[in-house]
There are 4 protein chains.
Amino acid sequence: MANLYSDIIRDLEAWVGEAPEAGLVASYIPELATVDPSHFGLCLKELNGNTHSCGEADVPFSIQSISKVFSLSLAYEKFGESIFERVGVEPSGNAFNSLLQLEYEKGIPRNPLINPGALVIADLLLSENENAKDELLQFVRKLCNNPSISFNLKVAESERVWGFRNAALANLLKAFNNIKNEVEAVLDFYFHMCSIEMSCQDLAMAFQWYAGLPAERDEKPWTLSGVQIKRINALMQSCGFYDESGEFAFRVGLAGKSGVGGGIVAVHPDEYSVAVWSPRLNKKGNSVIGMKCLEYLTTQTDSSIF
Amino acid sequence: MANLYSDIIRDLEAWVGEAPEAGLVASYIPELATVDPSHFGLCLKELNGNTHSCGEADVPFSIQSISKVFSLSLAYEKFGESIFERVGVEPSGNAFNSLLQLEYEKGIPRNPLINPGALVIADLLLSENENAKDELLQFVRKLCNNPSISFNLKVAESERVWGFRNAALANLLKAFNNIKNEVEAVLDFYFHMCSIEMSCQDLAMAFQWYAGLPAERDEKPWTLSGVQIKRINALMQSCGFYDESGEFAFRVGLAGKSGVGGGIVAVHPDEYSVAVWSPRLNKKGNSVIGMKCLEYLTTQTDSSIF
Amino acid sequence: MANLYSDIIRDLEAWVGEAPEAGLVASYIPELATVDPSHFGLCLKELNGNTHSCGEADVPFSIQSISKVFSLSLAYEKFGESIFERVGVEPSGNAFNSLLQLEYEKGIPRNPLINPGALVIADLLLSENENAKDELLQFVRKLCNNPSISFNLKVAESERVWGFRNAALANLLKAFNNIKNEVEAVLDFYFHMCSIEMSCQDLAMAFQWYAGLPAERDEKPWTLSGVQIKRINALMQSCGFYDESGEFAFRVGLAGKSGVGGGIVAVHPDEYSVAVWSPRLNKKGNSVIGMKCLEYLTTQTDSSIF
Amino acid sequence: MANLYSDIIRDLEAWVGEAPEAGLVASYIPELATVDPSHFGLCLKELNGNTHSCGEADVPFSIQSISKVFSLSLAYEKFGESIFERVGVEPSGNAFNSLLQLEYEKGIPRNPLINPGALVIADLLLSENENAKDELLQFVRKLCNNPSISFNLKVAESERVWGFRNAALANLLKAFNNIKNEVEAVLDFYFHMCSIEMSCQDLAMAFQWYAGLPAERDEKPWTLSGVQIKRINALMQSCGFYDESGEFAFRVGLAGKSGVGGGIVAVHPDEYSVAVWSPRLNKKGNSVIGMKCLEYLTTQTDSSIF
């Protein structure tokens with residue numbers, strides 16, 4: 001099996017080198033717009049400890065919305081099922097930053113993996129710990145066993161300067177009383193969260209914990225139960241790719257999450273975690289090459305969860 | 001493992017006997033409104049051939065929307081990926097009979113498991129075979145190895161008489177030219193499809209083929225590839241429970257499909273298929289007791305796909 | 001003043017002869033698609049009896065949605081304020097044939113001058129008189145003092161053949177129980193209504209009654225009160241031009257109603273009625289040249305209602 | 001005629017004294033929530049100079065959204081038709097503070113008399129004059145010939161503290177680049193605008209200019225043309241009462257504008273202006289008693305614009 005994964009990753013590396021240039025890098029802030037679109041990295045970690053990687057697997061990049069899985073996990077660990085009184089578990093069927101649904105549904109975001117849901121989660125964490133930024137960073141460092149993980153403060157600041165739509169969402173949530181802290185404080189935390197930088201190696205390492213119990217890692221990083229981890233995976237499956245979640249289930253068949261920095265993570269329970277990075281995005285905001293790599297992976301290994 | 005399933009099903013039988021009466025039977029046609037709400041049946045079939053059942057597992061009931069998986073499968077087998085030019089693969093995020101999305105999205109239904117999507121699939125089948133009703137029936141009979149499976153003509157007629165919303169959907173699809181046959185013919189086929197009656201035994205038998213290759217069944221009922229079957233399962237996962245698909249993924253963690261007759265089928269790939277029937281529905285149109293039974297099953301066996 | 005109107009109409013006739021060809025004739029049924037786009041007629045009738053016309057003012061054309069004012073008036077006369085229990089008085093803010101609002105607002109159309117509202121009015125008339133088609137025709141003949149006014153049966157039939165969107169609306173209204181008769185019967189009446197043919201002369205004559213009491217016409221054609229007529233005019237003002245009603249108020253400043261046959265009628269209370277016909281439509285479905293003529297008229301005479 | 005108006009106003013004063021207490025005062029900020037709901041004032045000014053008033057016609061109150069007519073007028077005078085490149089002229093068909101339409105229509109508000117439209121107008125004025133607050137105040141003082149008109153700074157501040165929904169709208173407009181200044185600056189101007197206090201006397205005086213040329217007032221307060229004033233009136237007609245604009249046209253039949261402070265102004269071109277104040281609001285945010293008074297006025301005088 002290890003050989004199989006290695007073979008596939010070799011294929012992918014070759015294919016990516018010749019893949020046509022499709023899609024555009026995210027452009028809503030200068031820091032993302034100027035990223036070299038030709039970056040590519042991939043890292044797959046089996047639960048048994050075998051690691052397969054290629055390209056710039058150890059180069060950190062802006063994880064953006066992938067961070068929403070981390071903040072959800074931290075809040076779930078701390079507050080349990082009560083978080084679902086303030087955010088739902090259904091796919092939105094709309095663009096990630098849409099205000100429509102939020103207005104119809106009276107300020108209860110559809111799920112914690114779209115922007116308004118992540119803002120509510122940020123508010124929850126902030127209500128309990130004013131140093132929530134640090135707390136989240138420590139949590140992520142523990143998950144991937146890398147104490148150097150940090151925010152990119154320039155990205156965080158740029159998100160703030162250009163973050164009018166997120167400010168609109170946060171103010172609307174506040175109008176519905178589903179944000180308790182100051183809007184500015186919640187946005188500040190949220191923008192920092194999005195600015196976390198990690199490599200494919202880091203992400204694959206962190207998401208091993210969502211796939212099961214990694215063979216070589218002694219101490220669990222959290223008190224989340226098996227059922228709770230399965231539920232986070234279910235949320236990734238249902239809601240992890242904005243309004244392309246069905247497409248990802250259809251073509252790839254893994255639970256996963258994407259970010260507009262071009263990263264995608266995915267989890268095959270009891271088997272492996274995988275992270276891929278390529279900055280060019282399709283119209284739905286998901287990495288073109290990342291999607292294709294994961295489709296190839298599950299097709300070749302016949303290993304989707306379905 | 002067989003013992004485990006047997007134990008769980010004994011627990012469920014006991015629990016259902018004392019479960020509080022929650023939810024209401026479907027009332028939009030007289031034939032469903034007068035069904036005894038206390039019916040209950042369950043059948044689980046492992047791929048190795050072991051069968052576990054309880055209650056009225058062999059009593060046929062109206063499968064309603066579960067039939068959408070069969071028509072999708074037949075169309076997928078006959079026309080391949082081209083069907084997805086006329087219907088999407090995304091969760092709708094709306095009620096199963098909503099016209100909103102269809103209007104915004106110019107007559108392309110979000111997926112084949114909501115009413116407008118199933119109407120398009122019905123139109124596809126009808127374009128190629130004017131005896132599509134018979135063809136579908138033969139297909140279902142083969143899947144569950146039961147030649148007595150039939151339409152309930154009284155139910156089909158009642159669906160037609162009260163089917164104004166489906167008629168609205170079909171006419172809107174026709175206005176967008178995504179129905180090619182006569183609206184009446186498509187509705188007729190659709191209403192017959194919904195009226196198919198099967199028992200939990202029949203359904204578990206049929207859905208074994210979605211779980212993998214059953215041990216004791218010699219001949220494959222179709223030419224669908226492994227990837228295609230996985231894709232149908234992915235669609236069930238994303239879209240099988242109307243606007244409660246996320247909830248089902250979250251609580252149960254299987255690919256499945258529900259019908260307003262009170263039936264639910266679910267599939268654990270490589271493990272088992274399961275069908276449960278209890279006519280009382282929650283507000284989203286899914287069987288209250290059916291949902292709870294499947295949640296108990298996957299929690300006790302720690303066997304969700306995530 | 002008579003001279004003023006005559007001068008203006010002379011100007012318009014000259015201008016239209018040289019106007020650029022903008023817009024497209026309605027194309028959703030063959031009978032409208034093949035109309036010569038260069039037709040033009042205009043007729044203004046002062047309450048004092050003076051008539052000013054130009055072009056093909058006496059050539060009948062398909063009045064289409066203008067007929068909705070007639071059916072509303074007839075229903076209002078027969079059933080009084082009770083009609084507004086089944087249809088509202090607000091502008092829709094949406095395209096004339098939109099299903100969205102109807103679904104959100106549980107089958108109560110926004111107003112009687114959009115398609116779903118006119119379908120409800122048709123249903124009302126049909127419930128009380130199974131010969132509603134004849135009754136409406138008599139009513140219109142009386143208003144314009146022309147016993148030869150008739151349906152164009154070929155147009156009515158073509159509307160039916162291509163009327164999938166109206167069939168969708170009618171079925172949705174039926175699903176909400178806001179249509180009491182058979183869907184087919186209501187549609188049949190509606191399509192006949194739309195197929196009425198009248199000339200600008202006929203229309204100006206009929207709409208004199210909405211402007212006040214014409215000097216030379218002895219017998220009132222209805223028992224509608226002054227307040228009720230003002231209310232019909234208010235509805236035309238608010239809702240007469242689909243989602244361009246604000247634009248018409250803004251540029252022209254009269255109460256009026258348009259049809260996709262290219263006709264527009266408008267009323268200046270206590271002063272005059274006016275009808276104009278030119279088949280090329282803008283994107284909102286209103287006659288390009290008709291709109292411009294009326295804007296010129298009210299600007300030159302400084303005679304809007306505001 | 002003067003006697004007629006006097007009689008009607010005497011009737012109204014008597015009726016209001018015994019009217020049932022229906023509706024609730026606006027409660028979204030403490031300063032409005034604590035207003036005595038029994039306030040009542042009315043002032044009608046004929047163009048010939050005759051004034052008829054009753055109740056607390058000279059008590060200033062918070063004009064709120066009525067101020068949107070003043071800011072629109074000032075912007076229209078300064079920038080002409082170009083303002084309609086950034087805001088439409090159509091009724092919204094939605095609640096005054098809805099974000100839905102704004103999102104679908106890419107940041108172009110439906111009209112300048114709903115919140116997002118007024119925010120765009122505020123931005124326009126601010127772009128040209130950083131002392132736009134003073135400029136608007138001078139403009140309003142000139143219109144009503146009362147140099148003591150002022151902002152209520154406590155109300156303005158309270159609007160800011162509770163103004164999350166307006167902040168959401170402003171940020172969304174900014175995201176669509178239809179606000180050029182700092183969001184905070186635009187909101188500050190907007191909230192001050194809403195806090196202007198005027199009496200019914202002041203408002204009737206100011207709105208005489210929208211009805212025509214008042215007999216006794218020498219100098220025009222603006223350079224707006226007759227056509228432009230008619231267009232502002234048309235906008236009030238189409239869009240002045242949120243999603244109850246059709247109802248106001250239907251029942252009252254005048255161009256007008258309401259505010260959540262309980263004020264309503266209306267204009268009968270060439271005849272009179274009228275202002276009424278009663279703080280209890282219906283569900284759409286319009287004064288219950290104000291609406292009824294104006295309906296009585298136009299019914300008794302048979303003087304609607306239709």
# chains A, B, ... in the order shown; residues from 1 in each chain; ligands from 1

$ select_by_dssp --residues "stretch 61-243 of chain D" --states "strand (DSSP E or B)" --output "VMD selection string"
chain D and resid 61 to 62 150 to 151 196 to 198

$ residues_around --residues "D:Phe79" --least-positions-apart "5" --cutoff "10 Å" --atoms "only C-alpha atoms" --output "JSON, numbers by chain"
{"D": [73, 74, 84, 124, 125, 128]}

$ write_last_selection --atoms "C-alpha atoms" --output "compact mmCIF listing (two decimals), in the first residue's frame"
# COMPACT_ATOMS: atom_id res chain seq x y z
CA SER D 73 -32.82 66.52 -2.97
CA LEU D 74 -29.51 68.08 -2.00
CA PHE D 84 -28.75 57.39 -10.63
CA LEU D 124 -21.88 61.13 -2.49
CA LEU D 125 -22.45 64.26 -0.43
CA GLU D 128 -17.80 66.53 -2.29

$ closest_atom_pairs --of "chain B" --to "chain A" --cutoff "8 Å" --atoms "only C-alpha atoms" --output "JSON lines"
{"residue": "B:Val89", "atom": "CA", "partner": "A:Gly246", "partner_atom": "CA", "distance": 5.5}
{"residue": "B:Glu90", "atom": "CA", "partner": "A:Gly246", "partner_atom": "CA", "distance": 4.2}
{"residue": "B:Pro91", "atom": "CA", "partner": "A:Gly246", "partner_atom": "CA", "distance": 6.1}
{"residue": "B:Ser92", "atom": "CA", "partner": "A:Gly93", "partner_atom": "CA", "distance": 5.4}
{"residue": "B:Gly93", "atom": "CA", "partner": "A:Gly93", "partner_atom": "CA", "distance": 4.9}
{"residue": "B:Val227", "atom": "CA", "partner": "A:Thr299", "partner_atom": "CA", "distance": 7.3}
{"residue": "B:Lys230", "atom": "CA", "partner": "A:Phe306", "partner_atom": "CA", "distance": 5.1}
{"residue": "B:Arg231", "atom": "CA", "partner": "A:Phe250", "partner_atom": "CA", "distance": 5.0}
{"residue": "B:Ile232", "atom": "CA", "partner": "A:Phe250", "partner_atom": "CA", "distance": 7.8}
{"residue": "B:Asn233", "atom": "CA", "partner": "A:Phe306", "partner_atom": "CA", "distance": 5.9}
{"residue": "B:Ala234", "atom": "CA", "partner": "A:Phe250", "partner_atom": "CA", "distance": 5.4}
{"residue": "B:Leu235", "atom": "CA", "partner": "A:Phe250", "partner_atom": "CA", "distance": 6.6}
{"residue": "B:Ser238", "atom": "CA", "partner": "A:Gly246", "partner_atom": "CA", "distance": 5.8}
{"residue": "B:Asp243", "atom": "CA", "partner": "A:Glu90", "partner_atom": "CA", "distance": 7.2}
{"residue": "B:Glu244", "atom": "CA", "partner": "A:Glu90", "partner_atom": "CA", "distance": 6.7}
{"residue": "B:Ser245", "atom": "CA", "partner": "A:Glu90", "partner_atom": "CA", "distance": 6.8}
{"residue": "B:Gly246", "atom": "CA", "partner": "A:Glu90", "partner_atom": "CA", "distance": 4.2}
{"residue": "B:Glu247", "atom": "CA", "partner": "A:Val89", "partner_atom": "CA", "distance": 6.0}
{"residue": "B:Ala249", "atom": "CA", "partner": "A:Ala234", "partner_atom": "CA", "distance": 5.5}
{"residue": "B:Phe250", "atom": "CA", "partner": "A:Arg231", "partner_atom": "CA", "distance": 5.0}
{"residue": "B:Arg251", "atom": "CA", "partner": "A:Arg231", "partner_atom": "CA", "distance": 7.1}
{"residue": "B:Gly253", "atom": "CA", "partner": "A:Ala234", "partner_atom": "CA", "distance": 6.6}
{"residue": "B:Ala255", "atom": "CA", "partner": "A:Phe306", "partner_atom": "CA", "distance": 7.5}
{"residue": "B:His268", "atom": "CA", "partner": "A:Phe306", "partner_atom": "CA", "distance": 7.6}
{"residue": "B:Pro269", "atom": "CA", "partner": "A:Phe306", "partner_atom": "CA", "distance": 5.6}
{"residue": "B:Thr299", "atom": "CA", "partner": "A:Val227", "partner_atom": "CA", "distance": 7.3}
{"residue": "B:Asp302", "atom": "CA", "partner": "A:Val227", "partner_atom": "CA", "distance": 7.8}
{"residue": "B:Ser304", "atom": "CA", "partner": "A:Lys230", "partner_atom": "CA", "distance": 7.6}
{"residue": "B:Ile305", "atom": "CA", "partner": "A:Ile305", "partner_atom": "CA", "distance": 6.1}
{"residue": "B:Phe306", "atom": "CA", "partner": "A:Lys230", "partner_atom": "CA", "distance": 5.1}

$ residues_around --residues "stretch 177-189 of chain D" --least-positions-apart "3" --cutoff "8 Å" --atoms "only C-alpha atoms" --output "PDB file with all heavy atoms, in the first residue's frame"
ATOM      1  N   ARG D  86     -25.516  55.268  -9.405  1.00  0.00           N
ATOM      2  CA  ARG D  86     -25.124  54.530  -8.196  1.00  0.00           C
ATOM      3  C   ARG D  86     -26.306  54.076  -7.345  1.00  0.00           C
ATOM      4  O   ARG D  86     -26.133  53.405  -6.329  1.00  0.00           O
ATOM      5  CB  ARG D  86     -24.148  55.368  -7.368  1.00  0.00           C
ATOM      6  CG  ARG D  86     -22.778  55.462  -8.066  1.00  0.00           C
ATOM      7  CD  ARG D  86     -21.806  56.326  -7.323  1.00  0.00           C
ATOM      8  NE  ARG D  86     -21.632  55.919  -5.935  1.00  0.00           N
ATOM      9  CZ  ARG D  86     -20.931  56.609  -5.045  1.00  0.00           C
ATOM     10  NH1 ARG D  86     -20.329  57.751  -5.412  1.00  0.00           N
ATOM     11  NH2 ARG D  86     -20.818  56.187  -3.809  1.00  0.00           N
ATOM     12  N   GLY D 107     -24.640  45.525  -5.179  1.00  0.00           N
ATOM     13  CA  GLY D 107     -24.312  46.756  -4.470  1.00  0.00           C
ATOM     14  C   GLY D 107     -24.971  48.010  -5.003  1.00  0.00           C
ATOM     15  O   GLY D 107     -24.629  49.108  -4.569  1.00  0.00           O
ATOM     16  N   ILE D 108     -25.882  47.891  -5.951  1.00  0.00           N
ATOM     17  CA  ILE D 108     -26.633  49.063  -6.429  1.00  0.00           C
ATOM     18  C   ILE D 108     -28.002  49.048  -5.739  1.00  0.00           C
ATOM     19  O   ILE D 108     -28.866  48.235  -6.088  1.00  0.00           O
ATOM     20  CB  ILE D 108     -26.837  49.031  -7.959  1.00  0.00           C
ATOM     21  CG1 ILE D 108     -25.503  48.942  -8.688  1.00  0.00           C
ATOM     22  CG2 ILE D 108     -27.623  50.272  -8.415  1.00  0.00           C
ATOM     23  CD1 ILE D 108     -24.587  50.121  -8.495  1.00  0.00           C
ATOM     24  N   LEU D 119     -27.514  55.573   2.220  1.00  0.00           N
ATOM     25  CA  LEU D 119     -26.089  55.494   2.556  1.00  0.00           C
ATOM     26  C   LEU D 119     -25.238  55.898   1.357  1.00  0.00           C
ATOM     27  O   LEU D 119     -24.231  56.601   1.506  1.00  0.00           O
ATOM     28  CB  LEU D 119     -25.727  54.082   3.032  1.00  0.00           C
ATOM     29  CG  LEU D 119     -26.205  53.729   4.452  1.00  0.00           C
ATOM     30  CD1 LEU D 119     -26.167  52.224   4.682  1.00  0.00           C
ATOM     31  CD2 LEU D 119     -25.350  54.438   5.512  1.00  0.00           C
ATOM     32  N   VAL D 120     -25.633  55.468   0.173  1.00  0.00           N
ATOM     33  CA  VAL D 120     -24.898  55.859  -1.042  1.00  0.00           C
ATOM     34  C   VAL D 120     -25.006  57.367  -1.262  1.00  0.00           C
ATOM     35  O   VAL D 120     -24.020  58.034  -1.594  1.00  0.00           O
ATOM     36  CB  VAL D 120     -25.412  55.072  -2.273  1.00  0.00           C
ATOM     37  CG1 VAL D 120     -24.896  55.670  -3.573  1.00  0.00           C
ATOM     38  CG2 VAL D 120     -25.009  53.605  -2.160  1.00  0.00           C
ATOM     39  N   ALA D 122     -25.472  59.601   1.047  1.00  0.00           N
ATOM     40  CA  ALA D 122     -24.634  60.220   2.080  1.00  0.00           C
ATOM     41  C   ALA D 122     -23.174  60.204   1.645  1.00  0.00           C
ATOM     42  O   ALA D 122     -22.443  61.189   1.804  1.00  0.00           O
ATOM     43  CB  ALA D 122     -24.812  59.481   3.405  1.00  0.00           C
ATOM     44  N   ASP D 123     -22.762  59.081   1.066  1.00  0.00           N
ATOM     45  CA  ASP D 123     -21.379  58.960   0.593  1.00  0.00           C
ATOM     46  C   ASP D 123     -21.077  59.988  -0.501  1.00  0.00           C
ATOM     47  O   ASP D 123     -20.023  60.623  -0.504  1.00  0.00           O
ATOM     48  CB  ASP D 123     -21.160  57.532   0.068  1.00  0.00           C
ATOM     49  CG  ASP D 123     -19.733  57.294  -0.391  1.00  0.00           C
ATOM     50  OD1 ASP D 123     -18.816  57.441   0.435  1.00  0.00           O
ATOM     51  OD2 ASP D 123     -19.541  56.972  -1.572  1.00  0.00           O
ATOM     52  N   LEU D 126     -20.723  63.414   1.002  1.00  0.00           N
ATOM     53  CA  LEU D 126     -19.505  63.483   1.803  1.00  0.00           C
ATOM     54  C   LEU D 126     -18.264  63.572   0.915  1.00  0.00           C
ATOM     55  O   LEU D 126     -17.264  64.171   1.300  1.00  0.00           O
ATOM     56  CB  LEU D 126     -19.442  62.207   2.657  1.00  0.00           C
ATOM     57  CG  LEU D 126     -18.789  62.265   4.030  1.00  0.00           C
ATOM     58  CD1 LEU D 126     -19.351  63.394   4.867  1.00  0.00           C
ATOM     59  CD2 LEU D 126     -19.037  60.929   4.744  1.00  0.00           C
ATOM     60  N   SER D 127     -18.333  62.964  -0.248  1.00  0.00           N
ATOM     61  CA  SER D 127     -17.182  62.993  -1.148  1.00  0.00           C
ATOM     62  C   SER D 127     -16.910  64.409  -1.646  1.00  0.00           C
ATOM     63  O   SER D 127     -15.775  64.775  -1.939  1.00  0.00           O
ATOM     64  CB  SER D 127     -17.435  62.095  -2.376  1.00  0.00           C
ATOM     65  OG  SER D 127     -17.429  60.756  -1.996  1.00  0.00           O
ATOM     66  N   ALA D 132     -20.477  67.824   5.177  1.00  0.00           N
ATOM     67  CA  ALA D 132     -21.798  67.520   4.613  1.00  0.00           C
ATOM     68  C   ALA D 132     -22.898  67.607   5.670  1.00  0.00           C
ATOM     69  O   ALA D 132     -24.036  67.969   5.358  1.00  0.00           O
ATOM     70  CB  ALA D 132     -21.783  66.131   3.972  1.00  0.00           C
ATOM     71  N   LYS D 133     -22.579  67.272   6.893  1.00  0.00           N
ATOM     72  CA  LYS D 133     -23.579  67.379   7.955  1.00  0.00           C
ATOM     73  C   LYS D 133     -24.108  68.811   8.059  1.00  0.00           C
ATOM     74  O   LYS D 133     -25.320  69.036   8.076  1.00  0.00           O
ATOM     75  CB  LYS D 133     -22.974  66.947   9.307  1.00  0.00           C
ATOM     76  CG  LYS D 133     -22.964  65.457   9.518  1.00  0.00           C
ATOM     77  CD  LYS D 133     -22.631  65.072  10.958  1.00  0.00           C
ATOM     78  CE  LYS D 133     -21.128  64.981  11.139  1.00  0.00           C
ATOM     79  NZ  LYS D 133     -20.774  64.401  12.472  1.00  0.00           N
ATOM     80  N   ALA D 156     -28.387  60.478  17.540  1.00  0.00           N
ATOM     81  CA  ALA D 156     -27.370  60.084  16.550  1.00  0.00           C
ATOM     82  C   ALA D 156     -26.391  59.086  17.155  1.00  0.00           C
ATOM     83  O   ALA D 156     -26.038  58.077  16.536  1.00  0.00           O
ATOM     84  CB  ALA D 156     -26.625  61.316  16.031  1.00  0.00           C
ATOM     85  N   ARG D 160     -25.798  55.001  16.325  1.00  0.00           N
ATOM     86  CA  ARG D 160     -24.499  54.418  16.024  1.00  0.00           C
ATOM     87  C   ARG D 160     -24.254  53.169  16.876  1.00  0.00           C
ATOM     88  O   ARG D 160     -23.861  52.108  16.381  1.00  0.00           O
ATOM     89  CB  ARG D 160     -23.390  55.445  16.285  1.00  0.00           C
ATOM     90  CG  ARG D 160     -22.000  54.996  15.793  1.00  0.00           C
ATOM     91  CD  ARG D 160     -20.909  55.920  16.263  1.00  0.00           C
ATOM     92  NE  ARG D 160     -20.730  55.859  17.703  1.00  0.00           N
ATOM     93  CZ  ARG D 160     -20.156  54.842  18.369  1.00  0.00           C
ATOM     94  NH1 ARG D 160     -19.693  53.792  17.711  1.00  0.00           N
ATOM     95  NH2 ARG D 160     -20.040  54.860  19.684  1.00  0.00           N
ATOM     96  N   ASN D 166     -27.278  48.666   9.847  1.00  0.00           N
ATOM     97  CA  ASN D 166     -26.812  49.695   8.923  1.00  0.00           C
ATOM     98  C   ASN D 166     -25.315  49.567   8.668  1.00  0.00           C
ATOM     99  O   ASN D 166     -24.847  49.809   7.558  1.00  0.00           O
ATOM    100  CB  ASN D 166     -27.162  51.093   9.458  1.00  0.00           C
ATOM    101  CG  ASN D 166     -28.633  51.421   9.235  1.00  0.00           C
ATOM    102  OD1 ASN D 166     -29.149  51.242   8.139  1.00  0.00           O
ATOM    103  ND2 ASN D 166     -29.310  51.887  10.270  1.00  0.00           N
ATOM    104  N   ALA D 167     -24.574  49.174   9.714  1.00  0.00           N
ATOM    105  CA  ALA D 167     -23.139  48.939   9.509  1.00  0.00           C
ATOM    106  C   ALA D 167     -22.924  47.781   8.551  1.00  0.00           C
ATOM    107  O   ALA D 167     -22.012  47.809   7.712  1.00  0.00           O
ATOM    108  CB  ALA D 167     -22.458  48.661  10.847  1.00  0.00           C
ATOM    109  N   ALA D 170     -23.619  49.172   5.070  1.00  0.00           N
ATOM    110  CA  ALA D 170     -22.550  50.063   4.610  1.00  0.00           C
ATOM    111  C   ALA D 170     -21.313  49.258   4.228  1.00  0.00           C
ATOM    112  O   ALA D 170     -20.660  49.536   3.215  1.00  0.00           O
ATOM    113  CB  ALA D 170     -22.221  51.088   5.691  1.00  0.00           C
ATOM    114  N   ASN D 171     -20.985  48.246   5.026  1.00  0.00           N
ATOM    115  CA  ASN D 171     -19.832  47.420   4.685  1.00  0.00           C
ATOM    116  C   ASN D 171     -20.067  46.631   3.402  1.00  0.00           C
ATOM    117  O   ASN D 171     -19.149  46.458   2.598  1.00  0.00           O
ATOM    118  CB  ASN D 171     -19.499  46.471   5.847  1.00  0.00           C
ATOM    119  CG  ASN D 171     -18.618  47.132   6.889  1.00  0.00           C
ATOM    120  OD1 ASN D 171     -17.441  47.381   6.661  1.00  0.00           O
ATOM    121  ND2 ASN D 171     -19.205  47.462   8.035  1.00  0.00           N
ATOM    122  N   LEU D 173     -21.988  47.601   0.899  1.00  0.00           N
ATOM    123  CA  LEU D 173     -21.848  48.593  -0.174  1.00  0.00           C
ATOM    124  C   LEU D 173     -20.369  48.863  -0.461  1.00  0.00           C
ATOM    125  O   LEU D 173     -19.955  48.989  -1.617  1.00  0.00           O
ATOM    126  CB  LEU D 173     -22.538  49.901   0.218  1.00  0.00           C
ATOM    127  CG  LEU D 173     -24.066  49.865   0.221  1.00  0.00           C
ATOM    128  CD1 LEU D 173     -24.634  51.036   1.019  1.00  0.00           C
ATOM    129  CD2 LEU D 173     -24.592  49.897  -1.217  1.00  0.00           C
ATOM    130  N   LYS D 174     -19.597  48.955   0.600  1.00  0.00           N
ATOM    131  CA  LYS D 174     -18.162  49.190   0.447  1.00  0.00           C
ATOM    132  C   LYS D 174     -17.511  48.006  -0.272  1.00  0.00           C
ATOM    133  O   LYS D 174     -16.640  48.195  -1.133  1.00  0.00           O
ATOM    134  CB  LYS D 174     -17.547  49.402   1.824  1.00  0.00           C
ATOM    135  CG  LYS D 174     -16.071  49.752   1.820  1.00  0.00           C
ATOM    136  CD  LYS D 174     -15.840  51.239   1.609  1.00  0.00           C
ATOM    137  CE  LYS D 174     -14.350  51.598   1.611  1.00  0.00           C
ATOM    138  NZ  LYS D 174     -14.132  52.995   1.216  1.00  0.00           N
ATOM    139  N   HIS D 192     -26.558  60.999  11.854  1.00  0.00           N
ATOM    140  CA  HIS D 192     -26.910  62.389  12.181  1.00  0.00           C
ATOM    141  C   HIS D 192     -28.142  62.829  11.397  1.00  0.00           C
ATOM    142  O   HIS D 192     -29.061  63.429  11.950  1.00  0.00           O
ATOM    143  CB  HIS D 192     -25.726  63.315  11.899  1.00  0.00           C
ATOM    144  CG  HIS D 192     -24.770  63.385  13.048  1.00  0.00           C
ATOM    145  ND1 HIS D 192     -23.849  62.403  13.298  1.00  0.00           N
ATOM    146  CD2 HIS D 192     -24.627  64.301  14.062  1.00  0.00           C
ATOM    147  CE1 HIS D 192     -23.153  62.708  14.389  1.00  0.00           C
ATOM    148  NE2 HIS D 192     -23.609  63.863  14.865  1.00  0.00           N
ATOM    149  N   MET D 193     -28.111  62.520  10.108  1.00  0.00           N
ATOM    150  CA  MET D 193     -29.236  62.832   9.222  1.00  0.00           C
ATOM    151  C   MET D 193     -30.556  62.344   9.817  1.00  0.00           C
ATOM    152  O   MET D 193     -31.535  63.086   9.889  1.00  0.00           O
ATOM    153  CB  MET D 193     -28.974  62.040   7.936  1.00  0.00           C
ATOM    154  CG  MET D 193     -29.331  62.658   6.658  1.00  0.00           C
ATOM    155  SD  MET D 193     -28.643  61.526   5.361  1.00  0.00           S
ATOM    156  CE  MET D 193     -30.075  60.470   5.101  1.00  0.00           C
TER     157      MET D 193
END

$ closest_residue --among "C:Phe40, C:Ser287, C:Glu46, C:Phe241" --to "C:Ile114" --atoms "only C-alpha atoms"
C:Phe241

$ residues_around --residues "C:Leu169" --least-positions-apart "4" --cutoff "9 Å" --atoms "only C-alpha atoms" --output "PyMOL selection string"
(chain B and resi 168+171-172) or (chain C and resi 97-99+102+115-116+119+164-165+173-174)
